[in-house]
$ cat entry-v4.cif   # mmCIF, C-alpha atoms
data_entry
#
loop_
_atom_site.label_atom_id
_atom_site.label_comp_id
_atom_site.auth_asym_id
_atom_site.auth_seq_id
_atom_site.Cartn_x
_atom_site.Cartn_y
_atom_site.Cartn_z
CA MET U 14 0.00 0.00 0.00
CA VAL U 15 1.41 3.40 -1.01
CA ARG U 16 1.46 6.06 1.68
CA GLU U 17 0.04 9.36 0.49
CA ASN U 18 1.22 11.45 3.45
CA LYS U 19 4.95 10.86 3.38
CA LYS U 20 6.90 13.41 5.37
CA LEU U 21 9.88 15.21 3.85
CA VAL U 22 12.89 14.79 6.14
CA GLU U 23 15.73 16.13 3.96
CA GLU U 24 16.00 18.23 0.82
CA VAL U 25 19.06 19.24 -1.18
CA SER U 26 18.42 22.30 -3.35
CA GLY U 27 16.76 21.14 -6.56
CA TRP U 28 18.51 17.78 -6.58
CA LEU U 29 17.05 15.37 -4.05
CA ARG U 30 14.34 14.83 -1.44
CA VAL U 31 14.36 12.11 1.25
CA PHE U 32 11.14 11.03 2.99
CA ASP U 33 10.45 9.48 6.38
CA ASP U 34 9.69 6.07 4.85
CA GLY U 35 13.22 5.97 3.39
CA SER U 36 12.14 6.70 -0.20
CA VAL U 37 14.14 9.17 -2.28
CA ASP U 38 12.94 11.46 -5.09
CA ARG U 39 15.68 12.63 -7.46
CA THR U 40 13.39 14.49 -9.88
CA TRP U 41 15.10 17.71 -10.97
CA THR U 42 13.23 20.70 -9.49
CA GLY U 43 15.77 23.41 -10.26
CA PRO U 44 15.74 25.81 -13.23
CA PRO U 45 14.08 24.07 -16.24
CA GLU U 46 16.71 25.41 -18.67
CA VAL U 47 19.30 23.22 -16.90
CA LYS U 48 17.22 20.04 -16.97
CA PHE U 49 18.71 18.75 -20.24
CA MET U 50 22.06 18.20 -18.50
CA VAL U 51 20.54 15.65 -16.11
CA GLU U 52 18.60 13.77 -18.78
CA PRO U 53 19.80 10.28 -19.77
CA VAL U 54 21.40 9.73 -23.19
CA ALA U 55 20.54 6.38 -24.77
CA PRO U 56 23.49 4.21 -25.84
CA HIS U 57 24.25 4.04 -29.58
CA ASN U 58 26.28 1.31 -31.25
CA GLU U 59 26.86 3.48 -34.31
CA PHE U 60 29.47 6.24 -34.25
CA ILE U 61 28.00 9.68 -33.57
CA ASP U 62 30.51 12.54 -33.69
CA GLY U 63 33.26 9.93 -33.67
CA VAL U 64 32.15 7.94 -30.61
CA ALA U 65 29.96 4.85 -30.11
CA THR U 66 28.50 3.88 -26.73
CA LYS U 67 26.94 0.85 -25.10
CA ASP U 68 25.92 -0.32 -21.63
CA VAL U 69 27.25 -3.61 -20.28
CA ILE U 70 26.53 -5.59 -17.09
CA VAL U 71 29.84 -6.32 -15.36
CA ASP U 72 28.53 -8.18 -12.31
CA GLU U 73 25.46 -10.39 -12.77
CA PRO U 74 24.56 -10.89 -9.07
CA SER U 75 24.41 -7.15 -8.32
CA GLY U 76 23.45 -5.97 -11.81
CA LEU U 77 26.31 -3.44 -11.79
CA ARG U 78 26.62 -1.78 -15.20
CA VAL U 79 29.12 0.36 -17.05
CA ARG U 80 28.82 2.58 -20.10
CA ILE U 81 31.58 2.17 -22.67
CA TYR U 82 32.66 5.04 -24.96
CA LEU U 83 34.59 3.79 -28.00
CA PRO U 84 36.29 6.39 -30.23
CA GLU U 85 36.20 5.79 -33.97
CA GLN U 86 39.58 4.88 -35.39
CA LYS U 87 40.84 6.91 -38.32
CA PRO U 88 41.67 4.95 -41.48
CA GLU U 89 45.27 6.20 -41.45
CA GLY U 90 45.78 4.77 -37.94
CA HIS U 91 47.46 1.45 -37.29
CA GLU U 92 44.88 -1.34 -37.09
CA ASP U 93 46.77 -3.09 -34.31
CA THR U 94 47.13 -0.01 -32.08
CA LYS U 95 45.45 -0.67 -28.75
CA LEU U 96 43.87 2.16 -26.80
CA PRO U 97 44.29 3.09 -23.13
CA ILE U 98 41.26 2.68 -20.86
CA ILE U 99 39.87 5.45 -18.65
CA LEU U 100 37.71 3.99 -15.86
CA HIS U 101 35.35 6.81 -14.89
CA PHE U 102 33.50 7.46 -11.62
CA HIS U 103 30.81 10.14 -11.82
CA GLY U 104 30.23 12.81 -9.18
CA GLY U 105 27.10 13.91 -7.37
CA GLY U 106 28.11 13.77 -3.72
CA PHE U 107 27.59 9.97 -3.78
CA CYS U 108 23.81 10.72 -3.80
CA ILE U 109 22.81 11.80 -7.31
CA SER U 110 23.71 11.42 -11.00
CA GLN U 111 24.03 8.55 -13.40
CA ALA U 112 26.71 7.53 -15.85
CA ASP U 113 24.31 8.20 -18.77
CA TRP U 114 23.49 11.82 -17.85
CA TYR U 115 24.07 14.31 -20.65
CA MET U 116 26.52 16.35 -18.53
CA TYR U 117 28.87 13.34 -18.51
CA TYR U 118 28.06 12.23 -22.06
CA HIS U 119 29.02 15.59 -23.55
CA ILE U 120 32.41 15.75 -21.82
CA TYR U 121 33.41 12.08 -21.88
CA THR U 122 32.64 11.64 -25.58
CA LYS U 123 34.87 14.67 -26.07
CA LEU U 124 37.57 13.20 -23.83
CA ALA U 125 37.44 9.81 -25.60
CA ARG U 126 37.97 11.58 -28.95
CA ALA U 127 40.64 14.01 -27.73
CA THR U 128 42.74 11.39 -25.91
CA ASN U 129 41.93 8.45 -28.23
CA THR U 130 41.01 6.32 -25.23
CA ILE U 131 38.16 3.99 -24.34
CA VAL U 132 36.14 5.43 -21.46
CA VAL U 133 34.37 2.96 -19.16
CA SER U 134 31.93 4.81 -16.88
CA VAL U 135 30.47 3.09 -13.81
CA TYR U 136 26.80 3.24 -12.79
CA GLN U 137 27.57 3.50 -9.08
CA ARG U 138 25.01 2.78 -6.38
CA LEU U 139 23.75 5.93 -4.70
CA ALA U 140 23.29 7.02 -1.09
CA PRO U 141 21.32 7.23 1.12
CA GLU U 142 19.88 3.89 -0.05
CA HIS U 143 23.46 2.61 -0.41
CA ARG U 144 25.79 4.43 1.94
CA LEU U 145 29.55 4.38 1.53
CA PRO U 146 31.60 2.35 0.86
CA ALA U 147 29.02 1.08 -1.72
CA ALA U 148 30.14 3.44 -4.52
CA ILE U 149 33.80 2.59 -3.88
CA ASP U 150 32.95 -1.13 -3.91
CA ASP U 151 31.28 -0.64 -7.31
CA GLY U 152 34.30 1.20 -8.70
CA TYR U 153 36.61 -1.54 -7.48
CA THR U 154 34.32 -4.26 -8.89
CA ALA U 155 34.49 -2.55 -12.29
CA LEU U 156 38.31 -2.52 -12.10
CA LEU U 157 38.37 -6.23 -11.22
CA TRP U 158 36.05 -6.86 -14.20
CA LEU U 159 38.65 -5.22 -16.43
CA ARG U 160 41.24 -7.55 -14.89
CA LYS U 161 39.02 -10.55 -15.76
CA LEU U 162 38.86 -9.33 -19.36
CA ALA U 163 42.63 -8.87 -19.44
CA ARG U 164 43.05 -12.46 -18.20
CA GLY U 165 40.61 -13.86 -20.76
CA GLU U 166 38.16 -14.93 -18.05
CA GLN U 167 35.30 -12.86 -19.48
CA ASN U 168 34.37 -11.42 -22.84
CA GLU U 169 33.52 -7.91 -23.99
CA PRO U 170 34.17 -7.51 -27.73
CA TRP U 171 34.94 -3.79 -27.85
CA LEU U 172 37.47 -3.93 -25.05
CA LEU U 173 39.07 -7.20 -26.15
CA SER U 174 39.43 -5.86 -29.69
CA TYR U 175 40.67 -2.36 -28.97
CA ALA U 176 41.84 -1.94 -25.35
CA ASP U 177 45.36 -1.87 -23.94
CA PHE U 178 44.90 -3.35 -20.46
CA SER U 179 48.44 -2.35 -19.49
CA ARG U 180 47.37 1.32 -19.50
CA VAL U 181 44.29 1.74 -17.31
CA PHE U 182 43.63 5.15 -15.76
CA LEU U 183 41.09 6.07 -13.10
CA ILE U 184 39.25 9.39 -13.43
CA GLY U 185 36.52 10.90 -11.29
CA ASP U 186 34.53 14.11 -11.03
CA SER U 187 33.98 15.64 -7.57
CA SER U 188 32.99 12.75 -5.26
CA GLY U 189 34.16 10.48 -8.09
CA GLY U 190 37.63 11.87 -7.35
CA ASN U 191 37.35 10.40 -3.85
CA ILE U 192 36.57 7.05 -5.48
CA VAL U 193 39.71 7.37 -7.63
CA HIS U 194 41.85 7.62 -4.48
CA HIS U 195 40.18 4.76 -2.65
CA VAL U 196 39.95 2.36 -5.61
CA ALA U 197 43.63 3.03 -6.38
CA ALA U 198 44.51 2.34 -2.73
CA ARG U 199 42.64 -0.98 -2.79
CA ALA U 200 44.20 -1.89 -6.13
CA GLY U 201 47.65 -1.44 -4.59
CA THR U 202 47.01 -4.41 -2.31
CA VAL U 203 46.28 -6.99 -5.04
CA ASP U 204 47.84 -8.47 -8.17
CA LEU U 205 46.08 -6.88 -11.16
CA SER U 206 48.33 -8.43 -13.81
CA PRO U 207 48.27 -8.45 -16.75
CA LEU U 208 46.27 -5.26 -16.17
CA ARG U 209 48.37 -2.28 -15.06
CA LEU U 210 46.97 0.72 -13.23
CA ALA U 211 48.85 3.51 -14.97
CA GLY U 212 47.45 6.59 -13.25
CA GLY U 213 44.72 8.34 -11.30
CA ILE U 214 43.04 11.63 -12.19
CA PRO U 215 40.85 13.08 -9.42
CA ILE U 216 39.07 16.19 -10.76
CA HIS U 217 37.85 18.55 -8.01
CA PRO U 218 37.66 15.68 -5.47
CA GLY U 219 35.32 16.05 -2.51
CA PHE U 220 38.07 16.10 0.11
CA VAL U 221 36.82 18.00 3.16
CA ARG U 222 37.01 18.12 6.94
CA ALA U 223 34.33 18.36 9.61
CA GLU U 224 35.60 21.84 10.42
CA ARG U 225 34.88 24.52 7.79
CA SER U 226 37.90 25.55 5.74
CA LYS U 227 38.72 29.18 4.92
CA SER U 228 37.70 28.66 1.28
CA GLU U 229 34.36 27.15 2.30
CA LEU U 230 33.68 30.31 4.30
CA GLU U 231 34.99 32.80 1.74
CA GLN U 232 34.65 31.42 -1.80
CA PRO U 233 31.36 32.09 -3.64
CA GLU U 234 29.03 29.12 -4.11
CA SER U 235 28.58 27.76 -7.64
CA PRO U 236 25.81 25.89 -9.51
CA PHE U 237 27.50 22.53 -8.94
CA LEU U 238 28.64 23.04 -5.34
CA THR U 239 27.04 24.85 -2.41
CA LEU U 240 27.70 24.41 1.30
CA ASP U 241 24.21 22.93 1.54
CA MET U 242 25.24 20.25 -0.99
CA VAL U 243 28.56 19.56 0.77
CA ASP U 244 26.91 19.11 4.15
CA LYS U 245 23.73 17.29 3.19
CA PHE U 246 25.02 14.98 0.46
CA LEU U 247 27.96 13.84 2.57
CA GLY U 248 25.73 13.52 5.62
CA LEU U 249 23.51 11.14 3.64
CA ALA U 250 26.48 9.23 2.19
CA ILE U 251 29.03 8.56 4.91
CA PRO U 252 28.38 5.77 7.44
CA VAL U 253 25.84 6.67 10.13
CA GLY U 254 27.53 8.27 13.10
CA SER U 255 30.55 9.48 11.09
CA THR U 256 31.64 13.04 10.35
CA LYS U 257 33.32 14.55 7.29
CA ASP U 258 36.62 13.53 8.90
CA HIS U 259 35.80 9.99 7.67
CA PRO U 260 38.64 8.48 5.55
CA VAL U 261 36.49 8.55 2.38
CA THR U 262 36.09 12.31 2.57
CA CYS U 263 39.31 13.13 4.42
CA PRO U 264 42.03 10.72 3.20
CA MET U 265 44.70 13.15 4.45
CA GLY U 266 43.29 13.16 7.98
CA PRO U 267 44.36 11.23 11.10
CA GLY U 268 41.46 8.77 10.75
CA ALA U 269 42.63 7.57 7.32
CA PRO U 270 45.37 5.06 6.44
CA ARG U 271 48.75 6.78 6.21
CA LEU U 272 49.36 7.97 2.66
CA ASP U 273 53.00 6.87 2.77
CA GLY U 274 51.81 3.31 3.42
CA LEU U 275 49.65 3.19 0.27
CA LYS U 276 50.83 1.82 -3.07
CA LEU U 277 49.41 4.37 -5.52
CA PRO U 278 50.02 4.98 -9.23
CA PRO U 279 51.03 8.46 -10.48
CA PHE U 280 48.26 11.03 -9.92
CA LEU U 281 47.18 14.18 -11.77
CA LEU U 282 45.15 16.22 -9.28
CA CYS U 283 42.92 18.75 -11.04
CA ILE U 284 41.64 21.74 -9.06
CA ALA U 285 39.62 24.89 -9.84
CA SER U 286 40.94 28.11 -8.28
CA LYS U 287 37.48 29.25 -7.13
CA ASP U 288 36.32 25.88 -5.81
CA LEU U 289 34.62 26.08 -2.41
CA ILE U 290 36.77 23.20 -1.18
CA ILE U 291 40.13 24.20 -2.72
CA ASP U 292 41.79 24.52 0.69
CA THR U 293 41.24 20.88 1.63
CA GLU U 294 42.01 19.71 -1.92
CA MET U 295 45.37 21.51 -1.62
CA GLU U 296 45.86 19.97 1.80
CA TYR U 297 45.50 16.56 0.14
CA PHE U 298 48.05 17.55 -2.53
CA GLU U 299 50.57 18.67 0.11
CA ALA U 300 50.01 15.47 2.11
CA MET U 301 50.59 13.37 -1.03
CA LYS U 302 53.83 15.25 -1.75
CA LYS U 303 54.97 14.82 1.86
CA ALA U 304 54.29 11.07 1.53
CA ASN U 305 56.59 11.06 -1.55
CA LYS U 306 53.76 10.18 -3.93
CA ASP U 307 54.05 10.94 -7.65
CA VAL U 308 51.40 13.67 -7.94
CA GLU U 309 51.08 16.48 -10.48
CA LEU U 310 48.80 19.48 -10.01
CA LEU U 311 46.64 21.38 -12.50
CA ILE U 312 44.80 24.49 -11.32
CA ASN U 313 42.22 25.96 -13.69
CA LYS U 314 42.31 29.70 -13.07
CA GLY U 315 39.08 31.57 -12.34
CA MET U 316 36.98 28.39 -12.46
CA THR U 317 34.50 26.90 -9.98
CA HIS U 318 33.69 23.31 -9.00
CA SER U 319 33.00 20.98 -11.97
CA PHE U 320 32.93 23.93 -14.40
CA TYR U 321 33.65 21.69 -17.40
CA LEU U 322 30.43 19.68 -16.83
CA ASN U 323 28.32 22.83 -17.19
CA LYS U 324 27.49 22.63 -20.91
CA ILE U 325 25.76 26.03 -20.83
CA ALA U 326 28.85 27.77 -19.46
CA VAL U 327 31.18 25.86 -21.80
CA ASP U 328 29.08 27.01 -24.79
CA MET U 329 28.40 30.57 -23.68
CA ASP U 330 31.51 31.68 -21.81
CA PRO U 331 34.83 31.77 -23.74
CA GLU U 332 36.88 31.56 -20.53
CA THR U 333 35.08 28.40 -19.37
CA ALA U 334 35.49 26.90 -22.86
CA SER U 335 39.20 27.76 -22.86
CA GLU U 336 39.82 26.29 -19.40
CA THR U 337 37.94 23.12 -20.39
CA GLU U 338 40.38 22.73 -23.30
CA VAL U 339 43.30 23.29 -20.88
CA LEU U 340 41.90 20.51 -18.66
CA ILE U 341 41.46 18.06 -21.55
CA THR U 342 44.92 18.86 -22.96
CA ARG U 343 46.60 18.26 -19.60
CA ILE U 344 44.74 14.98 -19.09
CA ASN U 345 45.83 13.91 -22.59
CA GLU U 346 49.47 14.76 -21.80
CA PHE U 347 49.30 12.81 -18.54
CA ILE U 348 47.91 9.74 -20.31
CA LYS U 349 50.51 9.94 -23.09
CA ASN U 350 53.32 10.17 -20.51
CA HIS U 351 52.19 7.09 -18.59
#

$ encode --input "entry-v4.cif" --output "structure tokens"
Amino acid sequence: MVRENKKLVEEVSGWLRVFDDGSVDRTWTGPPEVKFMVEPVAPHNEFIDGVATKDVIVDEPSGLRVRIYLPEQKPEGHEDTKLPIILHFHGGGFCISQADWYMYYHIYTKLARATNTIVVSVYQRLAPEHRLPAAIDDGYTALLWLRKLARGEQNEPWLLSYADFSRVFLIGDSSGGNIVHHVAARAGTVDLSPLRLAGGIPIHPGFVRAERSKSELEQPESPFLTLDMVDKFLGLAIPVGSTKDHPVTCPMGPGAPRLDGLKLPPFLLCIASKDLIIDTEMEYFEAMKKANKDVELLINKGMTHSFYLNKIAVDMDPETASETEVLITRINEFIKNH
């Protein structure tokens, strides 16, 4: 029997509503002109603008899926050239978004073309129905699925035909950047061969502390990150009874495993200079350097959190478009160098 008088217990501006019976409504209620960015894009086996896509189940018991982006190979290219893999974890504060949303489709088709890589994007489980570490578990399961393919234990024609399993990179937007760190840390404890984890690329990762940082207090809020989103999404996502000092959200804090004890691949940490959480992102960078980790830093000047996912800004604002190209170019260089 459906209850008609459900009580709203939590709301995150435009994105999500949680009710007292545990149900969650993720219908977009923000400005209608933005709605197209959170609409799903159907997969297409044919090449559109140089990229074909399809959805694949990688774990039958759980139903975990990924979306694969395959760039079209130019006739002058070498037929036997294998392509690096980018394993992608979407953002959304662990609570919203899907791998097939247009905001990811528009940038990851572009990235697949620009870097000539195969992007594999994970449909992660969402909180609060599935609190952390569920999304990290899903990211790690997807990586182990790639290892099964590399070992010939499973079959996926696109990847077996075109992928170079010795060059797998992890990439994540916002909270997906947290997943990059934690999946890479788990991967360092197992034998992935013949797969090789070649690098990690956290973009504007959601690294925070329970105590407000200076940038959280002083930087202007942006369409893709407000203090309300930071507090409420993470409150719904981290284990009950935890604070934002939890290792998932504060891997540089005292509650997390020591960074110098982790086996991590080279990292390219991407930051926006006007991000609300730049102070704690920089704290993570400094902690990685202190732990003697191989970590490069890209700071996009004048940009806010997840600016490159905002298709309207990328189309309308030359500075946002230019900085998006800077981001893609630097990611491409990092991949080519590893």

$ resolve_selection --input "entry-v4.cif" --expression "the PyMOL selection byres ((chain U and resi 42) around 12)" --output "list of chain:residue names"
U:Glu24, U:Val25, U:Ser26, U:Gly27, U:Trp28, U:Leu29, U:Arg30, U:Asp38, U:Arg39, U:Thr40, U:Trp41, U:Gly43, U:Pro44, U:Pro45, U:Glu46, U:Val47, U:Lys48, U:Val51

$ write_last_selection --input "entry-v4.cif" --atoms "C-alpha atoms" --output "PDB file, keeping the file's coordinate frame"
ATOM      1  CA  GLU U  24      16.000  18.230   0.820  1.00  0.00           C
ATOM      2  CA  VAL U  25      19.060  19.240  -1.180  1.00  0.00           C
ATOM      3  CA  SER U  26      18.420  22.300  -3.350  1.00  0.00           C
ATOM      4  CA  GLY U  27      16.760  21.140  -6.560  1.00  0.00           C
ATOM      5  CA  TRP U  28      18.510  17.780  -6.580  1.00  0.00           C
ATOM      6  CA  LEU U  29      17.050  15.370  -4.050  1.00  0.00           C
ATOM      7  CA  ARG U  30      14.340  14.830  -1.440  1.00  0.00           C
ATOM      8  CA  ASP U  38      12.940  11.460  -5.090  1.00  0.00           C
ATOM      9  CA  ARG U  39      15.680  12.630  -7.460  1.00  0.00           C
ATOM     10  CA  THR U  40      13.390  14.490  -9.880  1.00  0.00           C
ATOM     11  CA  TRP U  41      15.100  17.710 -10.970  1.00  0.00           C
ATOM     12  CA  GLY U  43      15.770  23.410 -10.260  1.00  0.00           C
ATOM     13  CA  PRO U  44      15.740  25.810 -13.230  1.00  0.00           C
ATOM     14  CA  PRO U  45      14.080  24.070 -16.240  1.00  0.00           C
ATOM     15  CA  GLU U  46      16.710  25.410 -18.670  1.00  0.00           C
ATOM     16  CA  VAL U  47      19.300  23.220 -16.900  1.00  0.00           C
ATOM     17  CA  LYS U  48      17.220  20.040 -16.970  1.00  0.00           C
ATOM     18  CA  VAL U  51      20.540  15.650 -16.110  1.00  0.00           C
TER      19      VAL U  51
END

$ resolve_selection --input "entry-v4.cif" --expression "the PyMOL selection byres ((chain U and resi 283) around 12)" --output "number ranges by chain"
U: 184-187, 190, 213-219, 280-282, 284-286, 288, 291, 294-295, 297-298, 308-314, 316-321, 336-337, 339-341, 343-344, 347

$ closest_residue --input "entry-v4.cif" --among "U:His259, U:His57, U:Arg78, U:Lys302" --to "Pro279 (chain U)" --atoms "only C-alpha atoms"
U:Lys302

$ closest_residue --input "entry-v4.cif" --among "U:Gly105, U:His119, U:Asp150, U:Leu230" --to "Asp62 (chain U)" --atoms "all atoms listed in the file"
U:His119

$ resolve_selection --input "entry-v4.cif" --expression "the PyMOL selection byres ((chain U and resi 106) around 7)" --output "ChimeraX atom specification"
/U:104-105,107-109,188,246-247

$ atom_distance --input "entry-v4.cif" --atom1 "CA of Thr154 (chain U)" --atom2 "CA of Val69 (chain U)"
13.4 Å

$ closest_residue --input "entry-v4.cif" --among "U:Met242, U:Leu172, U:Leu156, U:Ile149" --to "Glu229 (chain U)" --atoms "all atoms listed in the file"
U:Met242

$ closest_residue --input "entry-v4.cif" --among "U:Arg209, U:Arg126, U:Ala326, U:Leu289" --to "Thr239 (chain U)" --atoms "only C-alpha atoms"
U:Leu289

$ residues_around --input "entry-v4.cif" --residues "Ile81 (chain U)" --least-positions-apart "2" --cutoff "10 Å" --atoms "all atoms listed in the file" --output "list in words"
Pro56, Val64, Ala65, Thr66, Lys67, Asp68, Val69, Arg78, Val79, Leu83, Pro84, Ile98, Ile99, Leu100, His101, Ala112, Thr122, Ile131, Val132, Val133, Ser134, Val135, Trp171 and Leu172 of chain U

$ atom_distance --input "entry-v4.cif" --atom1 "CA of Phe220 (chain U)" --atom2 "CA of Asn191 (chain U)"
7.0 Å

$ closest_residue --input "entry-v4.cif" --among "U:His143, U:Lys95, U:Lys123, U:Arg138" --to "Leu249 (chain U)" --atoms "only C-alpha atoms"
U:His143

$ decode --input "entry-v4.cif" --residues "region 294-345 of chain U" --atoms "C-alpha atoms" --output "tab-separated table (two decimals), in the first residue's frame"
chain	number	residue	atom	x	y	z
U	294	GLU	CA	42.01	19.71	-1.92
U	295	MET	CA	45.37	21.51	-1.62
U	296	GLU	CA	45.86	19.97	1.80
U	297	TYR	CA	45.50	16.56	0.14
U	298	PHE	CA	48.05	17.55	-2.53
U	299	GLU	CA	50.57	18.67	0.11
U	300	ALA	CA	50.01	15.47	2.11
U	301	MET	CA	50.59	13.37	-1.03
U	302	LYS	CA	53.83	15.25	-1.75
U	303	LYS	CA	54.97	14.82	1.86
U	304	ALA	CA	54.29	11.07	1.53
U	305	ASN	CA	56.59	11.06	-1.55
U	306	LYS	CA	53.76	10.18	-3.93
U	307	ASP	CA	54.05	10.94	-7.65
U	308	VAL	CA	51.40	13.67	-7.94
U	309	GLU	CA	51.08	16.48	-10.48
U	310	LEU	CA	48.80	19.48	-10.01
U	311	LEU	CA	46.64	21.38	-12.50
U	312	ILE	CA	44.80	24.49	-11.32
U	313	ASN	CA	42.22	25.96	-13.69
U	314	LYS	CA	42.31	29.70	-13.07
U	315	GLY	CA	39.08	31.57	-12.34
U	316	MET	CA	36.98	28.39	-12.46
U	317	THR	CA	34.50	26.90	-9.98
U	318	HIS	CA	33.69	23.31	-9.00
U	319	SER	CA	33.00	20.98	-11.97
U	320	PHE	CA	32.93	23.93	-14.40
U	321	TYR	CA	33.65	21.69	-17.40
U	322	LEU	CA	30.43	19.68	-16.83
U	323	ASN	CA	28.32	22.83	-17.19
U	324	LYS	CA	27.49	22.63	-20.91
U	325	ILE	CA	25.76	26.03	-20.83
U	326	ALA	CA	28.85	27.77	-19.46
U	327	VAL	CA	31.18	25.86	-21.80
U	328	ASP	CA	29.08	27.01	-24.79
U	329	MET	CA	28.40	30.57	-23.68
U	330	ASP	CA	31.51	31.68	-21.81
U	331	PRO	CA	34.83	31.77	-23.74
U	332	GLU	CA	36.88	31.56	-20.53
U	333	THR	CA	35.08	28.40	-19.37
U	334	ALA	CA	35.49	26.90	-22.86
U	335	SER	CA	39.20	27.76	-22.86
U	336	GLU	CA	39.82	26.29	-19.40
U	337	THR	CA	37.94	23.12	-20.39
U	338	GLU	CA	40.38	22.73	-23.30
U	339	VAL	CA	43.30	23.29	-20.88
U	340	LEU	CA	41.90	20.51	-18.66
U	341	ILE	CA	41.46	18.06	-21.55
U	342	THR	CA	44.92	18.86	-22.96
U	343	ARG	CA	46.60	18.26	-19.60
U	344	ILE	CA	44.74	14.98	-19.09
U	345	ASN	CA	45.83	13.91	-22.59
